[in-house]
file data-v8.txt (compact mmCIF, C-alpha atoms and all ligand atoms)
# COMPACT_ATOMS: atom_id res chain seq x y z
CA MET A 1 -26.92 -13.86 32.30
CA PRO A 2 -28.80 -10.63 31.57
CA LEU A 3 -26.99 -8.17 29.36
CA LYS A 4 -25.53 -5.23 31.20
CA PRO A 5 -27.23 -1.96 30.29
CA GLU A 6 -24.90 0.27 28.24
CA PRO A 7 -23.24 2.89 30.40
CA LYS A 8 -24.65 6.32 29.67
CA HIS A 9 -21.55 7.79 28.05
CA ASP A 10 -21.46 4.94 25.48
CA HIS A 11 -24.05 6.86 23.49
CA GLY A 12 -21.32 9.31 22.57
CA ILE A 13 -19.05 6.66 21.06
CA LEU A 14 -17.85 7.02 17.51
CA LYS A 15 -18.28 3.34 16.74
CA PHE A 16 -16.25 1.12 14.40
CA PRO A 17 -17.67 -2.03 12.80
CA GLN A 18 -17.69 -5.35 14.65
CA GLY A 19 -14.66 -7.47 13.81
CA PHE A 20 -12.53 -4.43 12.96
CA LEU A 21 -8.80 -5.22 13.17
CA TRP A 22 -6.88 -3.03 15.57
CA GLY A 23 -3.14 -3.34 15.76
CA ALA A 24 0.28 -1.95 15.02
CA ALA A 25 2.92 -2.66 12.40
CA THR A 26 6.67 -3.23 12.33
CA SER A 27 9.20 -4.51 9.81
CA ALA A 28 12.02 -6.98 10.40
CA HIS A 29 15.08 -4.83 9.71
CA GLN A 30 13.71 -1.95 11.72
CA VAL A 31 13.17 -3.91 14.92
CA GLU A 32 15.05 -7.23 14.92
CA GLY A 33 18.69 -6.19 15.08
CA ASN A 34 21.75 -7.77 13.49
CA ASN A 35 20.44 -8.39 10.02
CA VAL A 36 23.99 -8.75 8.81
CA HIS A 37 23.24 -10.39 5.47
CA ASN A 38 21.19 -7.67 3.83
CA ASP A 39 21.96 -4.68 1.62
CA TRP A 40 20.93 -2.20 4.31
CA TRP A 41 23.45 -3.58 6.77
CA ALA A 42 26.20 -3.18 4.20
CA TRP A 43 24.99 0.36 3.35
CA GLU A 44 24.89 1.38 7.02
CA GLN A 45 28.57 0.62 7.49
CA GLY A 46 29.32 3.82 5.61
CA LYS A 47 27.19 5.90 7.99
CA PRO A 48 27.82 7.59 11.33
CA PHE A 49 27.41 5.19 14.21
CA ASP A 50 23.92 6.19 15.37
CA LEU A 51 22.59 5.74 11.89
CA ARG A 52 23.37 2.02 11.91
CA SER A 53 20.66 -0.45 12.84
CA GLY A 54 22.98 -2.57 15.02
CA GLN A 55 20.94 -4.28 17.73
CA ALA A 56 17.88 -2.18 16.78
CA CYS A 57 15.16 -3.16 19.31
CA ASP A 58 16.52 -6.69 19.60
CA GLN A 59 13.05 -7.95 18.78
CA TYR A 60 14.72 -11.02 17.33
CA HIS A 61 15.02 -12.12 20.97
CA LEU A 62 12.37 -10.01 22.67
CA TYR A 63 9.41 -10.80 20.42
CA GLU A 64 7.38 -12.57 23.09
CA GLN A 65 7.68 -9.62 25.40
CA ASP A 66 6.64 -7.23 22.61
CA PHE A 67 3.66 -9.38 21.66
CA ASP A 68 2.62 -9.52 25.32
CA LEU A 69 2.69 -5.75 25.36
CA ALA A 70 0.53 -5.50 22.24
CA LYS A 71 -1.89 -7.96 23.81
CA SER A 72 -2.00 -5.99 27.07
CA LEU A 73 -2.82 -2.91 24.97
CA ASN A 74 -5.87 -4.73 23.54
CA HIS A 75 -4.54 -5.14 19.99
CA ASN A 76 -6.28 -7.97 18.16
CA ALA A 77 -4.06 -7.93 15.05
CA HIS A 78 -0.39 -7.44 14.26
CA ARG A 79 1.54 -6.68 11.08
CA LEU A 80 5.18 -7.73 10.79
CA SER A 81 7.64 -8.88 8.14
CA ILE A 82 10.12 -11.69 7.72
CA GLU A 83 13.70 -11.04 6.68
CA TRP A 84 14.61 -12.73 3.40
CA SER A 85 18.36 -12.38 4.08
CA ARG A 86 18.12 -14.42 7.28
CA ILE A 87 16.29 -17.22 5.53
CA GLU A 88 18.44 -17.22 2.39
CA PRO A 89 21.73 -15.56 3.35
CA HIS A 90 23.52 -17.05 0.34
CA GLU A 91 22.07 -17.88 -3.01
CA GLY A 92 19.92 -21.01 -2.85
CA GLN A 93 21.06 -21.88 0.70
CA PHE A 94 18.17 -21.77 3.08
CA ASN A 95 18.83 -21.52 6.78
CA GLU A 96 16.49 -23.98 8.50
CA LYS A 97 17.23 -22.52 11.93
CA GLU A 98 15.93 -19.13 10.84
CA ILE A 99 12.85 -20.73 9.31
CA GLU A 100 12.22 -22.36 12.69
CA HIS A 101 12.72 -19.00 14.34
CA TYR A 102 10.02 -17.34 12.24
CA LYS A 103 7.68 -20.25 12.87
CA LYS A 104 8.12 -19.64 16.59
CA VAL A 105 7.53 -15.91 16.16
CA LEU A 106 4.32 -16.43 14.21
CA LYS A 107 3.11 -19.15 16.55
CA ALA A 108 3.71 -16.79 19.46
CA LEU A 109 1.34 -14.33 17.79
CA LYS A 110 -1.31 -16.96 17.17
CA GLN A 111 -1.04 -18.24 20.74
CA ARG A 112 -1.93 -14.75 21.89
CA GLY A 113 -4.95 -14.68 19.61
CA PHE A 114 -3.74 -12.11 17.06
CA THR A 115 -4.88 -11.91 13.46
CA VAL A 116 -1.53 -11.99 11.68
CA MET A 117 -0.71 -9.84 8.66
CA LEU A 118 2.65 -10.85 7.22
CA THR A 119 4.74 -8.80 4.81
CA LEU A 120 7.04 -10.86 2.60
CA TRP A 121 9.25 -7.98 1.41
CA HIS A 122 9.79 -4.77 3.37
CA PHE A 123 12.63 -2.84 1.67
CA THR A 124 15.67 -5.04 2.42
CA LEU A 125 17.33 -7.45 0.00
CA PRO A 126 19.84 -10.18 0.75
CA LYS A 127 23.25 -8.73 -0.05
CA TRP A 128 23.82 -11.32 -2.77
CA VAL A 129 20.59 -10.26 -4.53
CA ALA A 130 21.54 -6.58 -4.30
CA ASP A 131 25.01 -7.37 -5.68
CA GLU A 132 23.38 -8.83 -8.76
CA GLY A 133 21.44 -5.62 -9.37
CA GLY A 134 18.53 -5.88 -6.91
CA TRP A 135 15.08 -5.20 -8.33
CA GLU A 136 16.58 -3.85 -11.54
CA ASN A 137 17.55 -7.38 -12.41
CA GLY A 138 14.70 -9.50 -13.79
CA GLN A 139 16.25 -12.53 -12.06
CA THR A 140 15.32 -11.00 -8.70
CA VAL A 141 11.67 -11.72 -9.45
CA LYS A 142 12.60 -15.39 -9.82
CA TYR A 143 14.78 -15.34 -6.70
CA PHE A 144 11.97 -13.75 -4.71
CA GLU A 145 9.44 -16.26 -5.98
CA ARG A 146 11.77 -19.13 -5.07
CA PHE A 147 12.16 -17.71 -1.56
CA VAL A 148 8.39 -17.34 -1.21
CA ARG A 149 7.76 -20.89 -2.44
CA LYS A 150 10.19 -22.13 0.18
CA ILE A 151 8.98 -20.17 3.18
CA VAL A 152 5.22 -19.94 2.65
CA PRO A 153 4.35 -23.65 3.09
CA GLU A 154 6.25 -23.58 6.39
CA ILE A 155 4.39 -20.64 7.87
CA ALA A 156 1.05 -20.48 6.06
CA ASP A 157 -0.87 -21.95 9.00
CA TYR A 158 0.03 -18.97 11.16
CA VAL A 159 -0.72 -16.18 8.70
CA ASP A 160 -4.16 -14.67 8.11
CA LEU A 161 -3.41 -11.92 5.61
CA TRP A 162 -0.48 -11.70 3.19
CA VAL A 163 1.22 -8.50 2.14
CA THR A 164 3.50 -9.29 -0.80
CA ILE A 165 5.57 -6.11 -0.90
CA ASN A 166 5.72 -2.82 0.92
CA GLU A 167 5.66 0.64 -0.70
CA PRO A 168 7.27 0.00 -4.10
CA GLY A 169 6.98 3.69 -4.99
CA VAL A 170 8.86 4.81 -1.86
CA TYR A 171 11.59 2.27 -2.58
CA ILE A 172 12.03 3.70 -6.08
CA TYR A 173 11.92 7.27 -4.83
CA GLU A 174 14.50 6.74 -2.09
CA THR A 175 16.84 4.67 -4.26
CA TYR A 176 16.74 6.57 -7.56
CA ILE A 177 15.43 10.06 -6.83
CA ALA A 178 16.36 11.01 -3.25
CA ARG A 179 19.25 8.51 -3.51
CA GLN A 180 19.45 7.87 0.22
CA TRP A 181 18.97 4.12 0.19
CA PRO A 182 21.26 1.20 -0.72
CA ASN A 183 22.65 1.11 -4.20
CA ALA A 184 21.41 4.65 -4.76
CA LYS A 185 21.94 5.83 -8.28
CA ARG A 186 20.57 8.06 -10.97
CA SER A 187 18.98 5.87 -13.60
CA LEU A 188 15.61 6.40 -15.18
CA TRP A 189 15.76 3.03 -16.89
CA GLY A 190 16.79 1.32 -13.64
CA GLN A 191 13.88 2.97 -11.89
CA ILE A 192 11.39 1.83 -14.51
CA LYS A 193 12.76 -1.71 -14.55
CA SER A 194 12.67 -1.97 -10.75
CA PHE A 195 9.09 -0.77 -10.60
CA LEU A 196 7.99 -3.22 -13.29
CA ASN A 197 9.85 -6.07 -11.60
CA LEU A 198 8.23 -5.27 -8.27
CA ALA A 199 4.83 -5.36 -9.97
CA SER A 200 5.69 -8.66 -11.60
CA ALA A 201 6.92 -10.09 -8.27
CA HIS A 202 3.64 -9.09 -6.63
CA LYS A 203 1.58 -10.77 -9.36
CA LYS A 204 3.63 -13.98 -9.27
CA VAL A 205 3.41 -14.27 -5.50
CA TYR A 206 -0.32 -13.50 -5.56
CA ASN A 207 -0.90 -16.28 -8.10
CA PHE A 208 1.31 -18.72 -6.23
CA LEU A 209 -0.51 -18.09 -2.96
CA HIS A 210 -3.87 -18.64 -4.60
CA GLN A 211 -2.89 -21.69 -6.64
CA SER A 212 -1.14 -23.45 -3.78
CA PHE A 213 -3.62 -22.53 -1.09
CA PRO A 214 -6.90 -22.39 -3.01
CA ALA A 215 -9.02 -21.70 0.05
CA GLY A 216 -6.30 -19.35 1.03
CA LYS A 217 -6.03 -16.17 2.93
CA PRO A 218 -6.43 -12.74 1.37
CA VAL A 219 -3.40 -11.34 -0.44
CA GLY A 220 -2.59 -7.68 -1.01
CA MET A 221 0.32 -5.25 -0.82
CA ALA A 222 0.97 -2.09 1.17
CA ASN A 223 1.00 1.05 -0.93
CA ASN A 224 2.05 4.50 0.19
CA ILE A 225 -0.92 6.68 -0.77
CA LEU A 226 -0.73 10.46 -0.68
CA SER A 227 -3.49 12.99 -0.41
CA PHE A 228 -3.02 15.61 -3.16
CA GLU A 229 -4.77 18.95 -3.34
CA PRO A 230 -4.59 22.09 -5.47
CA TYR A 231 -3.77 25.28 -3.62
CA HIS A 232 -6.32 27.18 -5.66
CA LYS A 233 -9.42 25.10 -6.36
CA HIS A 234 -9.87 26.50 -9.85
CA SER A 235 -6.32 26.41 -11.11
CA ILE A 236 -6.15 24.09 -14.08
CA ILE A 237 -2.38 23.74 -13.74
CA GLU A 238 -2.65 22.74 -10.10
CA GLN A 239 -5.53 20.38 -10.83
CA LEU A 240 -3.44 18.79 -13.56
CA ALA A 241 -0.54 18.33 -11.15
CA VAL A 242 -2.93 16.69 -8.68
CA SER A 243 -4.29 14.28 -11.32
CA LEU A 244 -0.89 13.30 -12.71
CA ASN A 245 0.59 12.68 -9.27
CA ASP A 246 -2.49 10.78 -8.24
CA ILE A 247 -2.19 8.54 -11.31
CA PHE A 248 1.56 7.91 -11.05
CA ILE A 249 1.98 7.75 -7.30
CA ASN A 250 -1.32 6.34 -6.07
CA HIS A 251 -2.76 4.31 -8.92
CA LEU A 252 0.00 3.09 -11.26
CA PHE A 253 0.94 0.02 -9.27
CA TYR A 254 -2.70 -1.11 -9.16
CA PHE A 255 -2.97 -0.50 -12.88
CA LEU A 256 0.09 -2.71 -13.54
CA THR A 257 -1.08 -5.48 -11.25
CA GLY A 258 -4.75 -5.55 -12.23
CA LYS A 259 -6.95 -7.91 -10.31
CA THR A 260 -4.23 -9.43 -8.14
CA HIS A 261 -5.44 -7.79 -4.94
CA ASP A 262 -7.92 -9.25 -2.48
CA PHE A 263 -7.67 -6.09 -0.41
CA LEU A 264 -6.02 -2.71 -0.65
CA GLY A 265 -3.33 -2.04 1.92
CA ILE A 266 -2.86 1.67 2.45
CA ASN A 267 0.02 3.37 4.22
CA TYR A 268 -1.00 6.97 4.77
CA TYR A 269 1.47 9.65 5.87
CA PHE A 270 1.50 12.58 3.45
CA HIS A 271 -0.61 15.46 2.21
CA VAL A 272 0.75 17.54 -0.66
CA ARG A 273 -0.64 20.78 -2.05
CA PHE A 274 0.35 22.08 -5.45
CA LYS A 275 0.71 25.79 -6.03
CA HIS A 276 1.73 27.22 -9.35
CA ARG A 277 4.31 29.88 -9.85
CA MET A 278 4.35 31.16 -13.43
CA LEU A 279 3.14 28.03 -15.16
CA LEU A 280 4.94 25.51 -12.98
CA PRO A 281 3.11 23.66 -10.21
CA GLN A 282 5.20 23.15 -7.08
CA ALA A 283 4.54 21.11 -3.99
CA VAL A 284 4.20 23.58 -1.14
CA ASN A 285 4.79 23.10 2.53
CA THR A 286 1.50 23.46 4.33
CA THR A 287 2.71 22.71 7.83
CA ALA A 288 2.64 26.37 8.79
CA GLN A 289 -1.13 26.34 8.48
CA THR A 290 -1.69 23.25 10.59
CA HIS A 291 -1.78 22.85 14.33
CA ASP A 292 0.46 19.87 14.46
CA ILE A 293 3.62 18.67 12.87
CA SER A 294 5.71 15.57 13.46
CA ASP A 295 9.33 15.58 14.62
CA LEU A 296 10.23 14.83 11.00
CA GLY A 297 8.44 17.98 9.85
CA TRP A 298 5.62 15.96 8.31
CA GLU A 299 2.27 17.69 8.27
CA VAL A 300 -0.50 16.31 10.45
CA PHE A 301 -3.55 16.31 8.18
CA PRO A 302 -6.31 13.95 9.31
CA GLU A 303 -8.68 14.89 6.47
CA GLY A 304 -6.13 13.39 4.09
CA ILE A 305 -6.91 9.88 5.25
CA PHE A 306 -10.59 10.44 4.48
CA ASP A 307 -9.55 11.75 1.08
CA VAL A 308 -7.38 8.75 0.15
CA LEU A 309 -9.87 6.23 1.51
CA THR A 310 -12.74 7.65 -0.50
CA ASP A 311 -10.51 8.07 -3.55
CA LEU A 312 -9.30 4.45 -3.57
CA SER A 313 -12.53 2.85 -2.48
CA ASP A 314 -14.00 0.33 -4.90
CA ASP A 315 -15.36 -3.10 -4.12
CA LEU A 316 -12.26 -4.32 -2.30
CA PRO A 317 -11.85 -4.25 1.46
CA ILE A 318 -9.25 -1.78 2.70
CA TYR A 319 -6.78 -2.16 5.53
CA ILE A 320 -4.80 0.81 6.73
CA THR A 321 -1.56 -1.12 6.85
CA GLU A 322 0.36 1.85 8.31
CA CYS A 323 -0.38 5.27 9.72
CA GLY A 324 1.57 6.96 12.47
CA ILE A 325 3.49 9.96 13.74
CA ALA A 326 7.10 10.41 14.81
CA SER A 327 6.91 12.48 17.97
CA THR A 328 8.49 12.72 21.38
CA ASN A 329 5.47 14.80 22.36
CA ASP A 330 2.92 12.18 23.23
CA ASP A 331 0.02 14.66 23.35
CA ARG A 332 0.56 14.96 19.64
CA ARG A 333 0.25 11.20 19.24
CA ASN A 334 -3.02 11.30 21.23
CA ARG A 335 -4.42 13.99 18.97
CA PHE A 336 -3.10 12.15 15.94
CA LEU A 337 -4.81 8.91 16.89
CA ILE A 338 -8.13 10.51 17.72
CA THR A 339 -8.37 12.85 14.76
CA TYR A 340 -7.17 10.31 12.18
CA LEU A 341 -9.50 7.63 13.52
CA GLN A 342 -12.38 10.11 13.43
CA GLU A 343 -11.72 10.50 9.73
CA VAL A 344 -11.54 6.74 9.23
CA ALA A 345 -14.91 6.41 10.98
CA ARG A 346 -16.30 9.07 8.69
CA ALA A 347 -15.01 7.22 5.60
CA ILE A 348 -16.70 4.04 6.85
CA LYS A 349 -19.90 6.00 7.36
CA VAL A 350 -19.92 7.13 3.71
CA GLY A 351 -19.50 3.52 2.59
CA VAL A 352 -15.76 2.81 2.41
CA ASN A 353 -15.11 -0.79 3.38
CA VAL A 354 -12.30 -0.26 5.91
CA ARG A 355 -11.56 -3.42 7.87
CA GLY A 356 -8.59 -2.57 10.02
CA PHE A 357 -6.04 -0.03 11.24
CA PHE A 358 -2.38 -0.76 11.99
CA TYR A 359 -0.66 2.09 13.77
CA TRP A 360 3.01 2.58 12.79
CA SER A 361 4.59 1.48 14.99
CA LEU A 362 4.20 -0.75 18.03
CA ILE A 363 7.65 0.27 19.32
CA ASP A 364 10.19 2.96 18.44
CA ASN A 365 12.54 1.58 15.81
CA PHE A 366 15.21 2.14 13.18
CA GLU A 367 13.82 4.71 10.75
CA TRP A 368 16.12 3.88 7.80
CA GLN A 369 18.37 6.81 6.77
CA MET A 370 17.10 8.79 9.77
CA GLY A 371 18.39 6.31 12.33
CA PHE A 372 16.82 5.98 15.78
CA GLU A 373 15.90 9.58 16.41
CA PRO A 374 12.32 9.57 15.05
CA ARG A 375 10.04 8.09 17.68
CA PHE A 376 7.03 6.46 16.05
CA GLY A 377 6.26 3.98 18.84
CA LEU A 378 3.19 3.52 20.97
CA VAL A 379 5.85 2.08 23.21
CA GLU A 380 9.14 3.85 23.82
CA VAL A 381 12.37 1.91 23.51
CA ASP A 382 15.36 2.75 25.67
CA TYR A 383 18.09 1.63 23.27
CA GLN A 384 20.71 1.42 26.02
CA THR A 385 18.80 -1.16 28.05
CA GLN A 386 16.20 -2.39 25.52
CA GLN A 387 13.58 -1.52 28.09
CA ARG A 388 10.06 -0.92 26.76
CA ILE A 389 8.11 1.97 28.26
CA ILE A 390 4.42 2.24 27.44
CA ARG A 391 3.48 5.75 26.31
CA PRO A 392 0.18 7.28 27.49
CA SER A 393 -1.01 7.36 23.86
CA ALA A 394 -0.76 3.56 23.78
CA LYS A 395 -3.36 3.56 26.53
CA VAL A 396 -5.59 5.96 24.64
CA TYR A 397 -5.42 3.60 21.66
CA ALA A 398 -6.09 0.66 24.02
CA GLU A 399 -9.19 2.41 25.32
CA ILE A 400 -10.45 3.07 21.80
CA ILE A 401 -10.00 -0.62 21.00
CA ALA A 402 -11.69 -1.78 24.19
CA ARG A 403 -14.68 0.46 23.51
CA GLY A 404 -14.86 -0.44 19.82
CA GLY A 405 -14.58 3.21 18.86
CA ILE A 406 -13.73 6.66 20.16
CA PRO A 407 -15.55 7.47 23.38
CA HIS A 408 -16.59 11.05 23.90
CA ASN A 409 -14.40 11.47 26.99
CA LEU A 410 -11.26 11.11 24.84
CA MET A 411 -12.19 14.21 22.86
CA ARG A 412 -10.57 16.23 25.64
CA PHE A 413 -7.24 15.32 24.08
CA ILE A 414 -8.00 17.29 20.96
CA GLY A 415 -8.69 20.47 22.85
CA HIS A 416 -12.40 20.75 22.04
CA THR A 417 -15.35 18.45 22.28
CA VAL A 418 -17.14 17.21 19.27
CA THR A 419 -19.87 14.62 19.30
CA ALA A 420 -19.81 11.44 17.26
CA LYS A 421 -22.78 12.80 15.33
CA GLU A 422 -20.94 16.01 14.47
CA VAL A 423 -17.88 14.13 13.20
CA LEU A 424 -19.97 11.95 10.95
CA ALA A 425 -21.89 14.91 9.60
CA ARG A 426 -18.74 16.73 8.49
CA LYS A 427 -18.44 17.78 4.91
CA SER A 428 -15.39 16.57 3.06
CA HIS A 429 -13.06 19.30 4.32
CA PRO A 430 -14.23 20.73 7.62
C1 LIG A 501 6.52 3.43 5.80
C2 LIG A 501 7.51 2.31 5.82
O1 LIG A 501 6.87 1.13 5.42
C3 LIG A 501 8.19 2.11 7.16
O2 LIG A 501 9.25 1.23 6.96
C4 LIG A 501 8.62 3.46 7.72
O3 LIG A 501 9.31 3.30 8.92
C5 LIG A 501 7.40 4.32 7.90
N1 LIG A 501 6.82 4.56 6.61
C6 LIG A 501 7.69 5.67 8.53
O4 LIG A 501 8.50 6.42 7.69
call {"tool": "encode", "arguments": {"input": "data-v8.txt", "output": "structure tokens", "more": "lines below"}}
Ligand code: NOJ
result
Amino acid sequence: MPLKPEPKHDHGILKFPQGFLWGAATSAHQVEGNNVHNDWWAWEQGKPFDLRSGQACDQYHLYEQDFDLAKSLNHNAHRLSIEWSRIEPHEGQFNEKEIEHYKKVLKALKQRGFTVMLTLWHFTLPKWVADEGGWENGQTVKYFERFVRKIVPEIADYVDLWVTINEPGVYIYETYIARQWPNAKRSLWGQIKSFLNLASAHKKVYNFLHQSFPAGKPVGMANNILSFEPYHKHSIIEQLAVSLNDIFINHLFYFLTGKTHDFLGINYYFHVRFKHRMLLPQAVNTTAQTHDISDLGWEVFPEGIFDVLTDLSDDLPIYITECGIASTNDDRRNRFLITYLQEVARAIKVGVNVRGFFYWSLIDNFEWQMGFEPRFGLVEVDYQTQQRIIRPSAKVYAEIIARGGIPHNLMRFIGHTVTAKEVLARKSHP
């Protein structure tokens, strides 16, 4: 059959590489509902009602429907996590029924043709592990490894990319500094021990996955990476603050875990500028200067994703394991998707090996201490009925995927037109 000539407007497409993974991400506790055996569930009982996960999105039962939706929206990949506390609700006692459940979930993804990225730990611990000190306790590394050794052989056939752990730095920050997450406490030593134990858990699981499945699938972790900037370009104090934060927040985990990454998984949400008052650098709120802001007050700063991608780029492939906006204003999500993806395309153009993008999140879900109010989903969830309602932005994303890039006609969503050529020719900070 002769090839169809390209439609005229295709020339304006901001193209992504062939084989690029397009999808969305979720995590078990945030969507499944009724994770009664973990530390978060216990923690939530002390909170006002709407800040409890409860049924969440009931994805435990509705997963097929949700995967059908993702498929209908052209996604070719999906990131999700399994819940340790369901599989091992009591020490050393593995629940075979739950293992079967996760096999069914993962099979359902494969049957629909998705590339599956699976996270083994996404913030929640079985209650019994938390009661013994959680990540502060060196034993937890052993418990986690035992859990991984049990579950991985059962599900390995259905997983294409492994994410060992999610955002260790955020976990430490929320538990020991902001103290809003389970077992919150002030303890510098606890914080250091937890971070080191998380690094050790990552390394052990990486080695296990490679030793047991030698021709195995790529293994990485998902790291929350921030874009830092000085307020005044030539302020040494501000530059120093940028470098120190970059080292401790963005690079330390990689430093501790060395070569145990087959890819870099980047969660990008934040841009921070440092301004000094007297001699002290302070993080300043820059949202006033931007056009857009999320419902959580988080700045929308697309250039930041270009910044972190070029900063982290070395010879490893990169997946954007999370990137998204909490907003009930879907025009914002349209602009977010288009402008952030423009910057990803630009990073690819300058040589960064980006292989995939997982929008956070497929559906609205339980946003930890913030409850159900933040709406991150491409698909809205009516929590009264568990009905899923596709947002227009999900269709914009679907069109981008179908076209393999951002077609020029979608630029209308960002209020001005800019050609693919112009985007790619941008200097670092337009
Ligand atoms: C990153 C976390 O991995 C996820 O659990 C959270 O919901 C999103 N950030 C949004 O805050």
call {"tool": "closest_atom_pairs", "arguments": {"input": "data-v8.txt", "of": "stretch 156-232 of chain A", "to": "stretch 98-111 of chain A", "cutoff": "12 Å", "atoms": "only C-alpha atoms", "output": "CSV"}}
result
residue,atom,partner,partner_atom,distance
A:Ala156,CA,A:Lys103,CA,9.5
A:Asp157,CA,A:Lys107,CA,9.0
A:Tyr158,CA,A:Leu106,CA,5.8
A:Val159,CA,A:Leu106,CA,7.5
A:Asp160,CA,A:Lys110,CA,9.8
call {"tool": "closest_atom_pairs", "arguments": {"input": "data-v8.txt", "of": "chain A", "to": "ligand LIG 501 (chain A)", "cutoff": "8 Å", "atoms": "all atoms listed in the file", "output": "JSON lines"}}
result
{"residue": "A:Thr26", "atom": "CA", "partner": "A:LIG501", "partner_atom": "O2", "distance": 7.4}
{"residue": "A:Ser27", "atom": "CA", "partner": "A:LIG501", "partner_atom": "O2", "distance": 6.4}
{"residue": "A:Gln30", "atom": "CA", "partner": "A:LIG501", "partner_atom": "O2", "distance": 7.3}
{"residue": "A:His122", "atom": "CA", "partner": "A:LIG501", "partner_atom": "O1", "distance": 6.9}
{"residue": "A:Phe123", "atom": "CA", "partner": "A:LIG501", "partner_atom": "O2", "distance": 7.5}
{"residue": "A:Asn166", "atom": "CA", "partner": "A:LIG501", "partner_atom": "O1", "distance": 6.1}
{"residue": "A:Glu167", "atom": "CA", "partner": "A:LIG501", "partner_atom": "O1", "distance": 6.3}
{"residue": "A:Ala222", "atom": "CA", "partner": "A:LIG501", "partner_atom": "O1", "distance": 8.0}
{"residue": "A:Asn224", "atom": "CA", "partner": "A:LIG501", "partner_atom": "C1", "distance": 7.3}
{"residue": "A:Asn267", "atom": "CA", "partner": "A:LIG501", "partner_atom": "C1", "distance": 6.7}
{"residue": "A:Tyr269", "atom": "CA", "partner": "A:LIG501", "partner_atom": "N1", "distance": 7.4}
{"residue": "A:Glu322", "atom": "CA", "partner": "A:LIG501", "partner_atom": "C1", "distance": 6.8}
{"residue": "A:Cys323", "atom": "CA", "partner": "A:LIG501", "partner_atom": "N1", "distance": 7.9}
{"residue": "A:Gly324", "atom": "CA", "partner": "A:LIG501", "partner_atom": "C6", "distance": 7.4}
{"residue": "A:Ile325", "atom": "CA", "partner": "A:LIG501", "partner_atom": "C6", "distance": 7.9}
{"residue": "A:Ala326", "atom": "CA", "partner": "A:LIG501", "partner_atom": "C6", "distance": 7.9}
{"residue": "A:Trp360", "atom": "CA", "partner": "A:LIG501", "partner_atom": "C5", "distance": 6.8}
{"residue": "A:Ser361", "atom": "CA", "partner": "A:LIG501", "partner_atom": "O3", "distance": 7.9}
{"residue": "A:Asn365", "atom": "CA", "partner": "A:LIG501", "partner_atom": "O3", "distance": 7.8}
{"residue": "A:Phe366", "atom": "CA", "partner": "A:LIG501", "partner_atom": "O3", "distance": 7.4}
{"residue": "A:Glu367", "atom": "CA", "partner": "A:LIG501", "partner_atom": "O3", "distance": 5.1}
{"residue": "A:Trp368", "atom": "CA", "partner": "A:LIG501", "partner_atom": "O3", "distance": 6.9}
{"residue": "A:Phe376", "atom": "CA", "partner": "A:LIG501", "partner_atom": "C6", "distance": 7.6}
call {"tool": "atom_distance", "arguments": {"input": "data-v8.txt", "atom1": "atom CA of A:Phe195", "atom2": "atom CA of A:Trp128"}}
result
19.7 Å
call {"tool": "closest_residue", "arguments": {"input": "data-v8.txt", "among": "A:Ile320, A:Leu198, A:Ile293, A:Val300", "to": "A:Ile266", "atoms": "all atoms listed in the file"}}
result
A:Ile320
call {"tool": "atom_distance", "arguments": {"input": "data-v8.txt", "atom1": "atom CA of A:Tyr397", "atom2": "atom CA of A:Asp311"}}
result
26.1 Å
call {"tool": "residues_around", "arguments": {"input": "data-v8.txt", "residues": "A:Tyr268", "least_positions_apart": "5", "cutoff": "12 Å", "atoms": "all atoms listed in the file", "output": "CSV table (one decimal) with C-alpha atoms, in the coordinates of the input"}}
result
chain,number,residue,atom,x,y,z
A,167,GLU,CA,5.7,0.6,-0.7
A,222,ALA,CA,1.0,-2.1,1.2
A,223,ASN,CA,1.0,1.0,-0.9
A,224,ASN,CA,2.0,4.5,0.2
A,225,ILE,CA,-0.9,6.7,-0.8
A,226,LEU,CA,-0.7,10.5,-0.7
A,227,SER,CA,-3.5,13.0,-0.4
A,228,PHE,CA,-3.0,15.6,-3.2
A,250,ASN,CA,-1.3,6.3,-6.1
A,298,TRP,CA,5.6,16.0,8.3
A,299,GLU,CA,2.3,17.7,8.3
A,300,VAL,CA,-0.5,16.3,10.4
A,301,PHE,CA,-3.6,16.3,8.2
A,302,PRO,CA,-6.3,14.0,9.3
A,303,GLU,CA,-8.7,14.9,6.5
A,304,GLY,CA,-6.1,13.4,4.1
A,305,ILE,CA,-6.9,9.9,5.2
A,306,PHE,CA,-10.6,10.4,4.5
A,307,ASP,CA,-9.6,11.8,1.1
A,308,VAL,CA,-7.4,8.8,0.2
A,309,LEU,CA,-9.9,6.2,1.5
A,319,TYR,CA,-6.8,-2.2,5.5
A,320,ILE,CA,-4.8,0.8,6.7
A,321,THR,CA,-1.6,-1.1,6.8
A,322,GLU,CA,0.4,1.8,8.3
A,323,CYS,CA,-0.4,5.3,9.7
A,324,GLY,CA,1.6,7.0,12.5
A,325,ILE,CA,3.5,10.0,13.7
A,340,TYR,CA,-7.2,10.3,12.2
A,344,VAL,CA,-11.5,6.7,9.2
A,357,PHE,CA,-6.0,0.0,11.2
A,358,PHE,CA,-2.4,-0.8,12.0
A,359,TYR,CA,-0.7,2.1,13.8
A,360,TRP,CA,3.0,2.6,12.8
call {"tool": "decode", "arguments": {"input": "data-v8.txt", "residues": "stretch 329-337 of chain A", "atoms": "C-alpha atoms", "output": "short mmCIF file (atom, residue, chain, number, x, y, z; two decimals), in the first residue's frame"}}
result
data_model
loop_
_atom_site.label_atom_id
_atom_site.label_comp_id
_atom_site.auth_asym_id
_atom_site.auth_seq_id
_atom_site.Cartn_x
_atom_site.Cartn_y
_atom_site.Cartn_z
CA ASN A 329 -8.93 24.84 35.67
CA ASP A 330 -8.29 22.52 32.78
CA ASP A 331 -7.02 25.30 30.49
CA ARG A 332 -4.10 25.46 32.87
CA ARG A 333 -3.46 21.76 32.43
CA ASN A 334 -3.52 22.24 28.63
CA ARG A 335 -0.97 25.02 28.86
CA PHE A 336 1.05 23.00 31.33
CA LEU A 337 1.22 19.97 29.06
#
